[in-house]
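A.B. asks: Before we start, here is the structure in question, set down as structure tokens.
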Amino acid sequence: MTELTSGTTFTVIAAPEYFEESEDLYLYPENAGSLAVRELRYPGDVLPPLFYETNPDQWENFDSVPMTNRPQVKAELTIASAQIVQWQGYLPDRPVKEVWKGSDSRSRMTVTMLRRLYEYFAYPPYSGYITWCPKDRTEQAYHIQIESVQVGGQDIVSFDFVALFQGNLIPFDVTFQFRIIGEA
């Protein structure tokens with residue numbers, strides 16, 4: 001009868017006693033904002049600057065600075081216990097959303113503003129990034145990549161004949177979603 005054997009030699013080294021890391025802490029200031037309007041700028045001014053007619057009713061993942069780099073915690077079972085790891089993340093982890101609330105009887109955006117916003121979305125730059133300037137929250141500008149423009153809660157653009165014909169209005173929620181790539 002044939003007998004097969006195999007062997008592997010490995011070395012177990014001692015784990016380091018400690019890790020030394022440093023982190024810059026950002027303390028979020030109290031900021032009620034201002035009445036300045038936000039704007040978008042296309043690289044090389046291929047499209048004209050887009051100054052928001054009105055700022056959004058609500059937005060996500062941004063205050064005075066991006067709030068997109070939330071720490072992520074992961075726990076895995078080991079033979080004797082559990083290993084817990086925390087990763088600090090980085091700016092493009094989560095999208096920023098701006099929402100203009102509309103309804104059947106209320107409009108927060110004109111068709112003209114929607115068309116300009118959609119142009120920025122439909123024609124991404126071949127090089128460089130679109131610059132987003134949230135002037136009502138901070139003086140810092142950011143390079144962004146636009147992910148979507150939604151009207152009526154879907155990835156399609158809905159229009160209403162009466163609202164369009166009577167007042168050049170969009171009577172639905174408009175959501176503008178993008179990722180911050182870095183500071184401009």
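Quick note on naming: the chains in the structure tokens go A, B, ... in the order shown, residues restart at 1 in each chain, and ligands are numbered from 1 in order of appearance.
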Where does range 7-102 of chain A meet range 139-158 of chain A within 12 Å, residue by residue, with the nearest atom pair and distance in Å to one decimal for each, counting only C-alpha atoms, listed by chain and rising number, as CSV?
C.D. replies:
```
residue,atom,partner,partner_atom,distance
A:Gly33,CA,A:Glu139,CA,11.1
A:Ser34,CA,A:Glu139,CA,11.1
A:Ala36,CA,A:Glu139,CA,10.4
A:Val37,CA,A:Glu139,CA,11.6
A:Arg38,CA,A:Ala141,CA,10.0
A:Glu39,CA,A:Ala141,CA,9.4
A:Leu40,CA,A:Ala141,CA,9.5
A:Arg41,CA,A:His143,CA,9.5
A:Tyr42,CA,A:His143,CA,10.0
A:Pro43,CA,A:His143,CA,9.9
A:Phe62,CA,A:Tyr142,CA,11.5
A:Asp63,CA,A:Gln140,CA,11.7
A:Ser64,CA,A:Gln140,CA,8.8
A:Val65,CA,A:Gln140,CA,8.4
A:Pro66,CA,A:Tyr142,CA,9.5
A:Leu91,CA,A:Ile144,CA,10.7
A:Pro92,CA,A:Ile144,CA,9.1
A:Arg94,CA,A:Glu147,CA,11.3
A:Pro95,CA,A:Glu147,CA,8.3
A:Val96,CA,A:Ile146,CA,9.6
A:Lys97,CA,A:Ser148,CA,9.4
A:Glu98,CA,A:Val149,CA,9.7
A:Val99,CA,A:Gln150,CA,9.4
A:Trp100,CA,A:Val151,CA,9.6
A:Lys101,CA,A:Gly152,CA,9.6
A:Gly102,CA,A:Gly152,CA,8.5
```
A.B. asks: In range 46-181 of chain A, what's helix (DSSP H, G or I) per DSSP? Answer as a list in words?
C.D. replies: Leu91, Pro92, Asp93, Val111, Thr112, Met113, Leu114, Arg115, Arg116, Leu117, Tyr118, Glu119, Tyr120, Phe121, Ala122, Phe161, Val162, Ala163, Leu164, Phe165, Gln166 and Gly167 of chain A
A.B. asks: Pick the closest to Glu119 in chain A from A:Arg179, A:Pro134, A:Pro49, A:Arg106: which is it, counting only C-alpha atoms?
C.D. replies: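 That would be A:Pro49, the residue with the smallest distance to Glu119 in chain A.
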A.B. asks: Can you work out which one of A:Gly182, A:Pro71, A:Gly7, A:Gly167 has the shortest atom-to-atom distance to Gly128 in chain A, counting only C-alpha atoms?
C.D. replies: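 Residue with the minimum atom-to-atom distance to Gly128 in chain A: A:Gly182.
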A.B. asks: Among the residues of chain A, find those DSSP assigns to strand (DSSP E or B) from the backbone and print them as a short mmCIF file (atom, residue, chain, number, x, y, z; two decimals) with all heavy atoms, in the first residue's frame.
C.D. replies:
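And here is the file that came out, states-v1.cif:
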```cif
data_model
loop_
_atom_site.label_atom_id
_atom_site.label_comp_id
_atom_site.auth_asym_id
_atom_site.auth_seq_id
_atom_site.Cartn_x
_atom_site.Cartn_y
_atom_site.Cartn_z
N GLU A 39 -23.37 76.91 -6.29
CA GLU A 39 -23.10 76.97 -7.74
C GLU A 39 -22.29 75.78 -8.20
O GLU A 39 -21.62 75.12 -7.41
CB GLU A 39 -22.41 78.27 -8.11
CG GLU A 39 -21.01 78.42 -7.56
CD GLU A 39 -20.38 79.75 -7.93
OE1 GLU A 39 -20.73 80.76 -7.31
OE2 GLU A 39 -19.53 79.76 -8.85
N LEU A 40 -22.38 75.51 -9.49
CA LEU A 40 -21.58 74.49 -10.16
C LEU A 40 -20.77 75.16 -11.26
O LEU A 40 -21.26 76.08 -11.92
CB LEU A 40 -22.49 73.43 -10.81
CG LEU A 40 -23.30 72.55 -9.89
CD1 LEU A 40 -24.23 71.65 -10.70
CD2 LEU A 40 -22.41 71.70 -9.01
N ARG A 41 -19.54 74.69 -11.44
CA ARG A 41 -18.68 75.22 -12.50
C ARG A 41 -18.08 74.05 -13.27
O ARG A 41 -17.56 73.11 -12.69
CB ARG A 41 -17.59 76.10 -11.94
CG ARG A 41 -18.13 77.36 -11.30
CD ARG A 41 -17.03 78.37 -11.03
NE ARG A 41 -17.58 79.60 -10.55
CZ ARG A 41 -17.97 80.61 -11.32
NH1 ARG A 41 -17.85 80.51 -12.62
NH2 ARG A 41 -18.46 81.70 -10.80
N LEU A 50 -23.39 77.48 -13.26
CA LEU A 50 -24.79 77.30 -12.87
C LEU A 50 -24.96 77.78 -11.44
O LEU A 50 -24.45 77.16 -10.50
CB LEU A 50 -25.19 75.82 -12.98
CG LEU A 50 -26.59 75.46 -12.48
CD1 LEU A 50 -27.66 76.24 -13.23
CD2 LEU A 50 -26.83 73.98 -12.62
N PHE A 51 -25.63 78.91 -11.28
CA PHE A 51 -25.97 79.44 -9.96
C PHE A 51 -27.37 78.94 -9.62
O PHE A 51 -28.30 79.17 -10.38
CB PHE A 51 -25.93 80.97 -9.95
CG PHE A 51 -24.57 81.53 -10.25
CD1 PHE A 51 -24.21 81.86 -11.55
CD2 PHE A 51 -23.64 81.71 -9.23
CE1 PHE A 51 -22.95 82.37 -11.83
CE2 PHE A 51 -22.38 82.21 -9.51
CZ PHE A 51 -22.03 82.54 -10.81
N GLN A 58 -33.38 70.16 1.48
CA GLN A 58 -32.63 69.28 2.37
C GLN A 58 -31.44 68.71 1.60
O GLN A 58 -31.45 68.68 0.38
CB GLN A 58 -33.50 68.17 2.94
CG GLN A 58 -33.84 67.07 1.97
CD GLN A 58 -34.74 66.01 2.57
OE1 GLN A 58 -35.82 66.34 3.04
NE2 GLN A 58 -34.31 64.77 2.56
N TRP A 59 -30.42 68.29 2.35
CA TRP A 59 -29.25 67.67 1.73
C TRP A 59 -28.71 66.64 2.72
O TRP A 59 -28.99 66.69 3.90
CB TRP A 59 -28.19 68.70 1.34
CG TRP A 59 -27.75 69.60 2.43
CD1 TRP A 59 -26.67 69.43 3.25
CD2 TRP A 59 -28.37 70.82 2.86
NE1 TRP A 59 -26.58 70.45 4.16
CE2 TRP A 59 -27.62 71.32 3.94
CE3 TRP A 59 -29.48 71.53 2.44
CZ2 TRP A 59 -27.95 72.50 4.59
CZ3 TRP A 59 -29.81 72.70 3.10
CH2 TRP A 59 -29.05 73.17 4.16
N GLU A 60 -27.95 65.70 2.18
CA GLU A 60 -27.42 64.61 2.98
C GLU A 60 -25.90 64.57 2.88
O GLU A 60 -25.34 64.84 1.83
CB GLU A 60 -27.97 63.26 2.49
CG GLU A 60 -29.46 63.12 2.61
CD GLU A 60 -29.98 61.83 2.00
OE1 GLU A 60 -29.17 61.00 1.51
OE2 GLU A 60 -31.20 61.65 2.00
N PHE A 62 -23.44 66.33 4.14
CA PHE A 62 -22.63 67.54 4.08
C PHE A 62 -23.16 68.54 5.08
O PHE A 62 -24.36 68.74 5.18
CB PHE A 62 -22.65 68.16 2.67
CG PHE A 62 -21.63 69.25 2.51
CD1 PHE A 62 -20.34 68.94 2.14
CD2 PHE A 62 -21.94 70.57 2.76
CE1 PHE A 62 -19.38 69.93 2.01
CE2 PHE A 62 -20.99 71.57 2.64
CZ PHE A 62 -19.71 71.25 2.27
N PRO A 66 -17.62 67.83 4.18
CA PRO A 66 -18.26 66.55 3.85
C PRO A 66 -18.36 65.65 5.08
O PRO A 66 -17.46 65.61 5.91
CB PRO A 66 -17.30 65.94 2.82
CG PRO A 66 -16.53 67.08 2.27
CD PRO A 66 -16.43 68.09 3.37
N GLN A 72 -16.01 52.75 9.51
CA GLN A 72 -16.73 51.49 9.32
C GLN A 72 -16.13 50.46 10.26
O GLN A 72 -14.92 50.33 10.37
CB GLN A 72 -16.60 51.04 7.87
CG GLN A 72 -17.21 52.03 6.91
CD GLN A 72 -17.06 51.59 5.48
OE1 GLN A 72 -16.89 50.42 5.19
NE2 GLN A 72 -17.12 52.54 4.57
N VAL A 73 -16.99 49.74 10.95
CA VAL A 73 -16.56 48.74 11.92
C VAL A 73 -16.98 47.37 11.43
O VAL A 73 -18.11 47.17 10.98
CB VAL A 73 -17.16 49.02 13.31
CG1 VAL A 73 -16.76 47.95 14.30
CG2 VAL A 73 -16.73 50.39 13.81
N LYS A 74 -16.07 46.43 11.50
CA LYS A 74 -16.34 45.06 11.06
C LYS A 74 -15.87 44.11 12.16
O LYS A 74 -14.78 44.27 12.69
CB LYS A 74 -15.57 44.78 9.76
CG LYS A 74 -15.72 43.42 9.20
CD LYS A 74 -17.00 43.29 8.43
CE LYS A 74 -17.01 41.93 7.76
NZ LYS A 74 -18.22 41.63 7.12
N ALA A 75 -16.69 43.13 12.51
CA ALA A 75 -16.32 42.14 13.51
C ALA A 75 -16.34 40.76 12.86
O ALA A 75 -17.27 40.42 12.14
CB ALA A 75 -17.30 42.17 14.68
N GLU A 76 -15.29 39.99 13.08
CA GLU A 76 -15.18 38.63 12.54
C GLU A 76 -14.87 37.68 13.69
O GLU A 76 -14.07 37.99 14.56
CB GLU A 76 -14.06 38.54 11.50
CG GLU A 76 -14.36 39.25 10.20
CD GLU A 76 -15.43 38.57 9.38
OE1 GLU A 76 -15.56 37.33 9.46
OE2 GLU A 76 -16.16 39.28 8.68
N LEU A 77 -15.50 36.52 13.68
CA LEU A 77 -15.22 35.51 14.69
C LEU A 77 -13.85 34.89 14.45
O LEU A 77 -13.45 34.67 13.31
CB LEU A 77 -16.29 34.42 14.65
CG LEU A 77 -17.70 34.86 15.05
CD1 LEU A 77 -18.66 33.69 14.89
CD2 LEU A 77 -17.71 35.36 16.48
N ALA A 82 -13.25 37.19 18.99
CA ALA A 82 -13.67 37.96 17.80
C ALA A 82 -12.63 39.04 17.54
O ALA A 82 -12.01 39.55 18.46
CB ALA A 82 -15.04 38.57 18.01
N GLN A 83 -12.45 39.36 16.30
CA GLN A 83 -11.52 40.42 15.89
C GLN A 83 -12.37 41.59 15.40
O GLN A 83 -13.20 41.41 14.52
CB GLN A 83 -10.61 39.92 14.77
CG GLN A 83 -9.60 40.93 14.29
CD GLN A 83 -8.51 41.19 15.30
OE1 GLN A 83 -8.07 40.28 15.99
NE2 GLN A 83 -8.08 42.42 15.41
N ILE A 84 -12.17 42.75 15.98
CA ILE A 84 -12.93 43.94 15.58
C ILE A 84 -11.96 44.91 14.93
O ILE A 84 -10.90 45.23 15.47
CB ILE A 84 -13.62 44.59 16.79
CG1 ILE A 84 -14.61 43.59 17.39
CG2 ILE A 84 -14.32 45.88 16.37
CD1 ILE A 84 -15.27 44.06 18.65
N VAL A 85 -12.33 45.38 13.75
CA VAL A 85 -11.49 46.28 12.98
C VAL A 85 -12.30 47.51 12.63
O VAL A 85 -13.47 47.43 12.28
CB VAL A 85 -11.01 45.59 11.67
CG1 VAL A 85 -10.17 46.54 10.85
CG2 VAL A 85 -10.25 44.32 11.98
N GLN A 86 -11.67 48.67 12.72
CA GLN A 86 -12.32 49.92 12.34
C GLN A 86 -11.50 50.58 11.24
O GLN A 86 -10.29 50.70 11.35
CB GLN A 86 -12.44 50.86 13.54
CG GLN A 86 -13.14 52.15 13.19
CD GLN A 86 -13.41 53.00 14.42
OE1 GLN A 86 -13.42 52.52 15.54
NE2 GLN A 86 -13.64 54.26 14.19
N TRP A 87 -12.18 50.98 10.18
CA TRP A 87 -11.53 51.65 9.05
C TRP A 87 -12.08 53.06 8.95
O TRP A 87 -13.30 53.26 9.00
CB TRP A 87 -11.79 50.86 7.77
CG TRP A 87 -11.14 51.43 6.57
CD1 TRP A 87 -9.81 51.54 6.33
CD2 TRP A 87 -11.79 51.98 5.43
NE1 TRP A 87 -9.58 52.12 5.11
CE2 TRP A 87 -10.79 52.40 4.54
CE3 TRP A 87 -13.11 52.16 5.07
CZ2 TRP A 87 -11.07 52.99 3.31
CZ3 TRP A 87 -13.39 52.74 3.85
CH2 TRP A 87 -12.38 53.15 2.99
N VAL A 96 -23.26 62.69 -1.74
CA VAL A 96 -23.97 63.85 -1.21
C VAL A 96 -25.22 63.99 -2.06
O VAL A 96 -25.17 63.84 -3.28
CB VAL A 96 -23.10 65.13 -1.31
CG1 VAL A 96 -23.89 66.36 -0.92
CG2 VAL A 96 -21.86 64.99 -0.43
N LYS A 97 -26.36 64.25 -1.41
CA LYS A 97 -27.62 64.44 -2.13
C LYS A 97 -28.19 65.80 -1.77
O LYS A 97 -28.17 66.19 -0.61
CB LYS A 97 -28.64 63.37 -1.75
CG LYS A 97 -28.33 62.00 -2.22
CD LYS A 97 -29.44 61.04 -1.82
CE LYS A 97 -29.09 59.62 -2.21
NZ LYS A 97 -30.13 58.67 -1.82
N GLU A 98 -28.70 66.48 -2.78
CA GLU A 98 -29.43 67.72 -2.58
C GLU A 98 -30.86 67.48 -3.08
O GLU A 98 -31.03 66.94 -4.18
CB GLU A 98 -28.80 68.87 -3.35
CG GLU A 98 -27.40 69.20 -2.90
CD GLU A 98 -26.77 70.34 -3.67
OE1 GLU A 98 -26.98 70.42 -4.91
OE2 GLU A 98 -26.09 71.15 -3.05
N VAL A 99 -31.85 67.87 -2.29
CA VAL A 99 -33.24 67.60 -2.65
C VAL A 99 -34.05 68.89 -2.59
O VAL A 99 -34.04 69.59 -1.58
CB VAL A 99 -33.87 66.55 -1.70
CG1 VAL A 99 -35.32 66.28 -2.09
CG2 VAL A 99 -33.06 65.27 -1.69
N TRP A 100 -34.75 69.17 -3.68
CA TRP A 100 -35.71 70.25 -3.73
C TRP A 100 -37.08 69.58 -3.64
O TRP A 100 -37.47 68.83 -4.52
CB TRP A 100 -35.59 71.04 -5.03
CG TRP A 100 -34.36 71.88 -5.11
CD1 TRP A 100 -34.27 73.21 -4.83
CD2 TRP A 100 -33.05 71.48 -5.52
NE1 TRP A 100 -32.98 73.65 -5.03
CE2 TRP A 100 -32.20 72.60 -5.45
CE3 TRP A 100 -32.49 70.26 -5.93
CZ2 TRP A 100 -30.86 72.55 -5.77
CZ3 TRP A 100 -31.16 70.21 -6.25
CH2 TRP A 100 -30.35 71.35 -6.17
N SER A 103 -44.35 68.91 -4.81
CA SER A 103 -45.53 68.07 -4.66
C SER A 103 -46.52 68.45 -5.75
O SER A 103 -46.23 69.28 -6.61
CB SER A 103 -46.15 68.25 -3.27
OG SER A 103 -46.67 69.56 -3.15
N ARG A 106 -47.03 72.16 -5.21
CA ARG A 106 -45.89 73.00 -4.85
C ARG A 106 -44.70 72.68 -5.75
O ARG A 106 -44.39 71.52 -5.97
CB ARG A 106 -45.54 72.74 -3.39
CG ARG A 106 -44.36 73.52 -2.90
CD ARG A 106 -44.16 73.24 -1.41
NE ARG A 106 -42.93 73.88 -0.98
CZ ARG A 106 -42.00 73.29 -0.26
NH1 ARG A 106 -42.16 72.05 0.14
NH2 ARG A 106 -40.93 73.94 0.09
N MET A 109 -38.49 74.06 -8.09
CA MET A 109 -37.49 74.23 -9.13
C MET A 109 -38.17 74.56 -10.45
O MET A 109 -39.22 74.00 -10.77
CB MET A 109 -36.64 72.96 -9.28
CG MET A 109 -35.50 73.13 -10.27
SD MET A 109 -34.45 71.66 -10.41
CE MET A 109 -33.50 71.78 -8.91
N THR A 110 -37.53 75.44 -11.20
CA THR A 110 -38.06 75.74 -12.54
C THR A 110 -37.48 74.76 -13.55
O THR A 110 -36.46 74.10 -13.29
CB THR A 110 -37.68 77.18 -12.98
OG1 THR A 110 -36.26 77.26 -13.11
CG2 THR A 110 -38.19 78.22 -11.99
N ILE A 130 -16.09 68.68 -12.32
CA ILE A 130 -17.03 69.77 -12.07
C ILE A 130 -16.76 70.26 -10.66
O ILE A 130 -16.47 69.48 -9.75
CB ILE A 130 -18.48 69.27 -12.24
CG1 ILE A 130 -18.73 68.92 -13.71
CG2 ILE A 130 -19.48 70.29 -11.72
CD1 ILE A 130 -20.03 68.20 -13.98
N THR A 131 -16.85 71.57 -10.46
CA THR A 131 -16.62 72.17 -9.15
C THR A 131 -17.95 72.57 -8.54
O THR A 131 -18.75 73.25 -9.19
CB THR A 131 -15.69 73.40 -9.27
OG1 THR A 131 -14.48 73.00 -9.91
CG2 THR A 131 -15.37 73.99 -7.92
N TRP A 132 -18.17 72.13 -7.31
CA TRP A 132 -19.38 72.45 -6.55
C TRP A 132 -19.00 73.42 -5.45
O TRP A 132 -18.07 73.15 -4.69
CB TRP A 132 -19.97 71.16 -5.99
CG TRP A 132 -21.15 71.30 -5.09
CD1 TRP A 132 -22.38 71.80 -5.41
CD2 TRP A 132 -21.23 70.91 -3.72
NE1 TRP A 132 -23.22 71.74 -4.33
CE2 TRP A 132 -22.54 71.19 -3.27
CE3 TRP A 132 -20.33 70.35 -2.82
CZ2 TRP A 132 -22.96 70.93 -1.98
CZ3 TRP A 132 -20.75 70.09 -1.53
CH2 TRP A 132 -22.05 70.37 -1.12
N CYS A 133 -19.72 74.52 -5.36
CA CYS A 133 -19.43 75.56 -4.37
C CYS A 133 -20.64 75.75 -3.46
O CYS A 133 -21.57 76.48 -3.83
CB CYS A 133 -19.08 76.88 -5.05
SG CYS A 133 -17.76 76.76 -6.26
N TYR A 142 -15.45 72.16 -3.97
CA TYR A 142 -15.10 70.74 -4.07
C TYR A 142 -15.21 70.26 -5.51
O TYR A 142 -16.11 70.69 -6.25
CB TYR A 142 -16.02 69.89 -3.19
CG TYR A 142 -15.91 70.22 -1.74
CD1 TYR A 142 -16.74 71.17 -1.15
CD2 TYR A 142 -14.96 69.61 -0.93
CE1 TYR A 142 -16.62 71.50 0.19
CE2 TYR A 142 -14.83 69.92 0.41
CZ TYR A 142 -15.67 70.87 0.96
OH TYR A 142 -15.55 71.18 2.28
N HIS A 143 -14.31 69.35 -5.89
CA HIS A 143 -14.42 68.65 -7.17
C HIS A 143 -15.39 67.49 -6.96
O HIS A 143 -15.29 66.77 -5.96
CB HIS A 143 -13.06 68.11 -7.62
CG HIS A 143 -12.09 69.18 -8.01
ND1 HIS A 143 -12.35 70.10 -8.99
CD2 HIS A 143 -10.86 69.47 -7.54
CE1 HIS A 143 -11.32 70.92 -9.12
NE2 HIS A 143 -10.40 70.57 -8.23
N ILE A 144 -16.31 67.32 -7.91
CA ILE A 144 -17.33 66.27 -7.75
C ILE A 144 -17.50 65.47 -9.04
O ILE A 144 -17.08 65.90 -10.12
CB ILE A 144 -18.70 66.87 -7.37
CG1 ILE A 144 -19.26 67.76 -8.49
CG2 ILE A 144 -18.62 67.63 -6.05
CD1 ILE A 144 -20.71 68.15 -8.31
N GLN A 145 -18.10 64.30 -8.89
CA GLN A 145 -18.59 63.50 -10.02
C GLN A 145 -20.07 63.30 -9.80
O GLN A 145 -20.48 62.77 -8.75
CB GLN A 145 -17.87 62.16 -10.11
CG GLN A 145 -16.49 62.27 -10.68
CD GLN A 145 -15.86 60.91 -10.92
OE1 GLN A 145 -16.11 59.96 -10.20
NE2 GLN A 145 -15.03 60.83 -11.95
N ILE A 146 -20.87 63.69 -10.75
CA ILE A 146 -22.32 63.60 -10.63
C ILE A 146 -22.76 62.17 -10.91
O ILE A 146 -22.37 61.57 -11.90
CB ILE A 146 -23.01 64.59 -11.60
CG1 ILE A 146 -22.57 66.01 -11.28
CG2 ILE A 146 -24.53 64.45 -11.51
CD1 ILE A 146 -23.04 67.05 -12.28
N GLU A 147 -23.61 61.63 -10.02
CA GLU A 147 -24.13 60.27 -10.18
C GLU A 147 -25.51 60.25 -10.79
O GLU A 147 -25.82 59.38 -11.59
CB GLU A 147 -24.19 59.57 -8.82
CG GLU A 147 -22.85 59.21 -8.28
CD GLU A 147 -22.95 58.39 -7.00
OE1 GLU A 147 -24.00 58.39 -6.33
OE2 GLU A 147 -21.95 57.74 -6.67
N SER A 148 -26.38 61.19 -10.40
CA SER A 148 -27.74 61.17 -10.95
C SER A 148 -28.47 62.47 -10.72
O SER A 148 -28.14 63.24 -9.83
CB SER A 148 -28.55 60.02 -10.34
OG SER A 148 -28.80 60.26 -8.97
N VAL A 149 -29.47 62.68 -11.57
CA VAL A 149 -30.47 63.74 -11.41
C VAL A 149 -31.81 63.03 -11.51
O VAL A 149 -32.11 62.41 -12.54
CB VAL A 149 -30.35 64.83 -12.50
CG1 VAL A 149 -31.49 65.83 -12.39
CG2 VAL A 149 -29.01 65.54 -12.39
N GLN A 150 -32.58 63.07 -10.43
CA GLN A 150 -33.87 62.37 -10.39
C GLN A 150 -35.00 63.38 -10.24
O GLN A 150 -34.87 64.34 -9.48
CB GLN A 150 -33.92 61.40 -9.22
CG GLN A 150 -32.85 60.35 -9.25
CD GLN A 150 -32.86 59.48 -8.00
OE1 GLN A 150 -33.69 59.64 -7.12
NE2 GLN A 150 -31.93 58.56 -7.92
N VAL A 151 -36.08 63.13 -10.95
CA VAL A 151 -37.27 63.96 -10.83
C VAL A 151 -38.44 63.04 -10.52
O VAL A 151 -38.71 62.10 -11.27
CB VAL A 151 -37.54 64.76 -12.12
CG1 VAL A 151 -38.80 65.60 -11.98
CG2 VAL A 151 -36.35 65.65 -12.46
N LEU A 169 -42.57 75.26 -14.41
CA LEU A 169 -42.26 74.69 -13.11
C LEU A 169 -42.19 73.17 -13.14
O LEU A 169 -42.78 72.52 -13.99
CB LEU A 169 -43.31 75.12 -12.08
CG LEU A 169 -43.47 76.62 -11.89
CD1 LEU A 169 -44.66 76.92 -11.01
CD2 LEU A 169 -42.21 77.24 -11.31
N ILE A 170 -41.46 72.61 -12.16
CA ILE A 170 -41.38 71.16 -11.94
C ILE A 170 -42.10 70.87 -10.63
O ILE A 170 -41.58 71.22 -9.55
CB ILE A 170 -39.91 70.69 -11.85
CG1 ILE A 170 -39.15 70.99 -13.13
CG2 ILE A 170 -39.82 69.22 -11.50
CD1 ILE A 170 -39.60 70.20 -14.32
N VAL A 174 -36.96 66.96 -6.82
CA VAL A 174 -35.77 66.87 -7.68
C VAL A 174 -34.59 66.53 -6.77
O VAL A 174 -34.34 67.23 -5.78
CB VAL A 174 -35.50 68.19 -8.43
CG1 VAL A 174 -34.22 68.09 -9.24
CG2 VAL A 174 -36.69 68.55 -9.32
N THR A 175 -33.88 65.44 -7.10
CA THR A 175 -32.73 65.00 -6.31
C THR A 175 -31.49 65.02 -7.17
O THR A 175 -31.46 64.43 -8.25
CB THR A 175 -32.95 63.58 -5.75
OG1 THR A 175 -34.15 63.56 -4.98
CG2 THR A 175 -31.78 63.15 -4.89
N PHE A 176 -30.47 65.71 -6.70
CA PHE A 176 -29.18 65.82 -7.37
C PHE A 176 -28.17 65.08 -6.49
O PHE A 176 -27.98 65.44 -5.34
CB PHE A 176 -28.83 67.31 -7.51
CG PHE A 176 -27.50 67.60 -8.12
CD1 PHE A 176 -27.14 67.07 -9.34
CD2 PHE A 176 -26.60 68.45 -7.48
CE1 PHE A 176 -25.90 67.36 -9.91
CE2 PHE A 176 -25.38 68.75 -8.05
CZ PHE A 176 -25.03 68.20 -9.26
N GLN A 177 -27.56 64.01 -7.04
CA GLN A 177 -26.65 63.17 -6.25
C GLN A 177 -25.27 63.16 -6.89
O GLN A 177 -25.14 62.99 -8.10
CB GLN A 177 -27.21 61.76 -6.17
CG GLN A 177 -26.35 60.81 -5.36
CD GLN A 177 -27.00 59.46 -5.17
OE1 GLN A 177 -28.17 59.39 -4.83
NE2 GLN A 177 -26.25 58.40 -5.38
N PHE A 178 -24.24 63.31 -6.05
CA PHE A 178 -22.86 63.33 -6.55
C PHE A 178 -21.91 62.83 -5.48
O PHE A 178 -22.27 62.71 -4.31
CB PHE A 178 -22.47 64.73 -7.02
CG PHE A 178 -22.64 65.80 -5.97
CD1 PHE A 178 -21.62 66.10 -5.08
CD2 PHE A 178 -23.83 66.51 -5.87
CE1 PHE A 178 -21.78 67.08 -4.12
CE2 PHE A 178 -24.00 67.49 -4.91
CZ PHE A 178 -22.97 67.77 -4.03
N ARG A 179 -20.68 62.57 -5.89
CA ARG A 179 -19.63 62.16 -4.95
C ARG A 179 -18.55 63.23 -4.94
O ARG A 179 -18.15 63.74 -5.99
CB ARG A 179 -19.01 60.83 -5.35
CG ARG A 179 -20.05 59.74 -5.35
CD ARG A 179 -19.51 58.48 -4.80
NE ARG A 179 -20.59 57.49 -4.83
CZ ARG A 179 -20.87 56.71 -3.83
NH1 ARG A 179 -20.17 56.79 -2.73
NH2 ARG A 179 -21.83 55.83 -3.91
N ILE A 180 -18.08 63.56 -3.76
CA ILE A 180 -16.99 64.53 -3.62
C ILE A 180 -15.68 63.80 -3.84
O ILE A 180 -15.40 62.80 -3.19
CB ILE A 180 -17.03 65.20 -2.24
CG1 ILE A 180 -18.30 66.06 -2.12
CG2 ILE A 180 -15.77 66.03 -2.01
CD1 ILE A 180 -18.48 66.72 -0.77
N ILE A 181 -14.88 64.30 -4.77
CA ILE A 181 -13.59 63.69 -5.10
C ILE A 181 -12.49 64.33 -4.26
O ILE A 181 -11.56 63.64 -3.83
CB ILE A 181 -13.29 63.84 -6.60
CG1 ILE A 181 -14.43 63.27 -7.44
CG2 ILE A 181 -11.95 63.21 -6.95
CD1 ILE A 181 -14.76 61.82 -7.15
N GLY A 182 -12.57 65.62 -4.03
CA GLY A 182 -11.56 66.31 -3.23
C GLY A 182 -11.82 67.80 -3.21
O GLY A 182 -12.75 68.30 -3.86
N GLU A 183 -11.00 68.53 -2.50
CA GLU A 183 -11.14 69.98 -2.44
C GLU A 183 -10.63 70.61 -3.71
O GLU A 183 -9.66 70.15 -4.30
CB GLU A 183 -10.38 70.53 -1.24
CG GLU A 183 -10.96 70.10 0.08
CD GLU A 183 -10.23 70.69 1.28
OE1 GLU A 183 -9.15 71.31 1.09
OE2 GLU A 183 -10.71 70.53 2.39
#
```
A.B. asks: Record the distance separating CA of Phe172 in chain A and CA of Asp136 in chain A, expressed in Å with one decimal.
C.D. replies: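 About the pair CA of Phe172 in chain A and CA of Asp136 in chain A: they are 23.7 Å apart.
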A.B. asks: Using only C-alpha atoms for the distances, tell me which of A:Val46, A:Ala80, A:Val12, A:Val111 is nearest to Ser127 in chain A.
C.D. replies: A:Val46
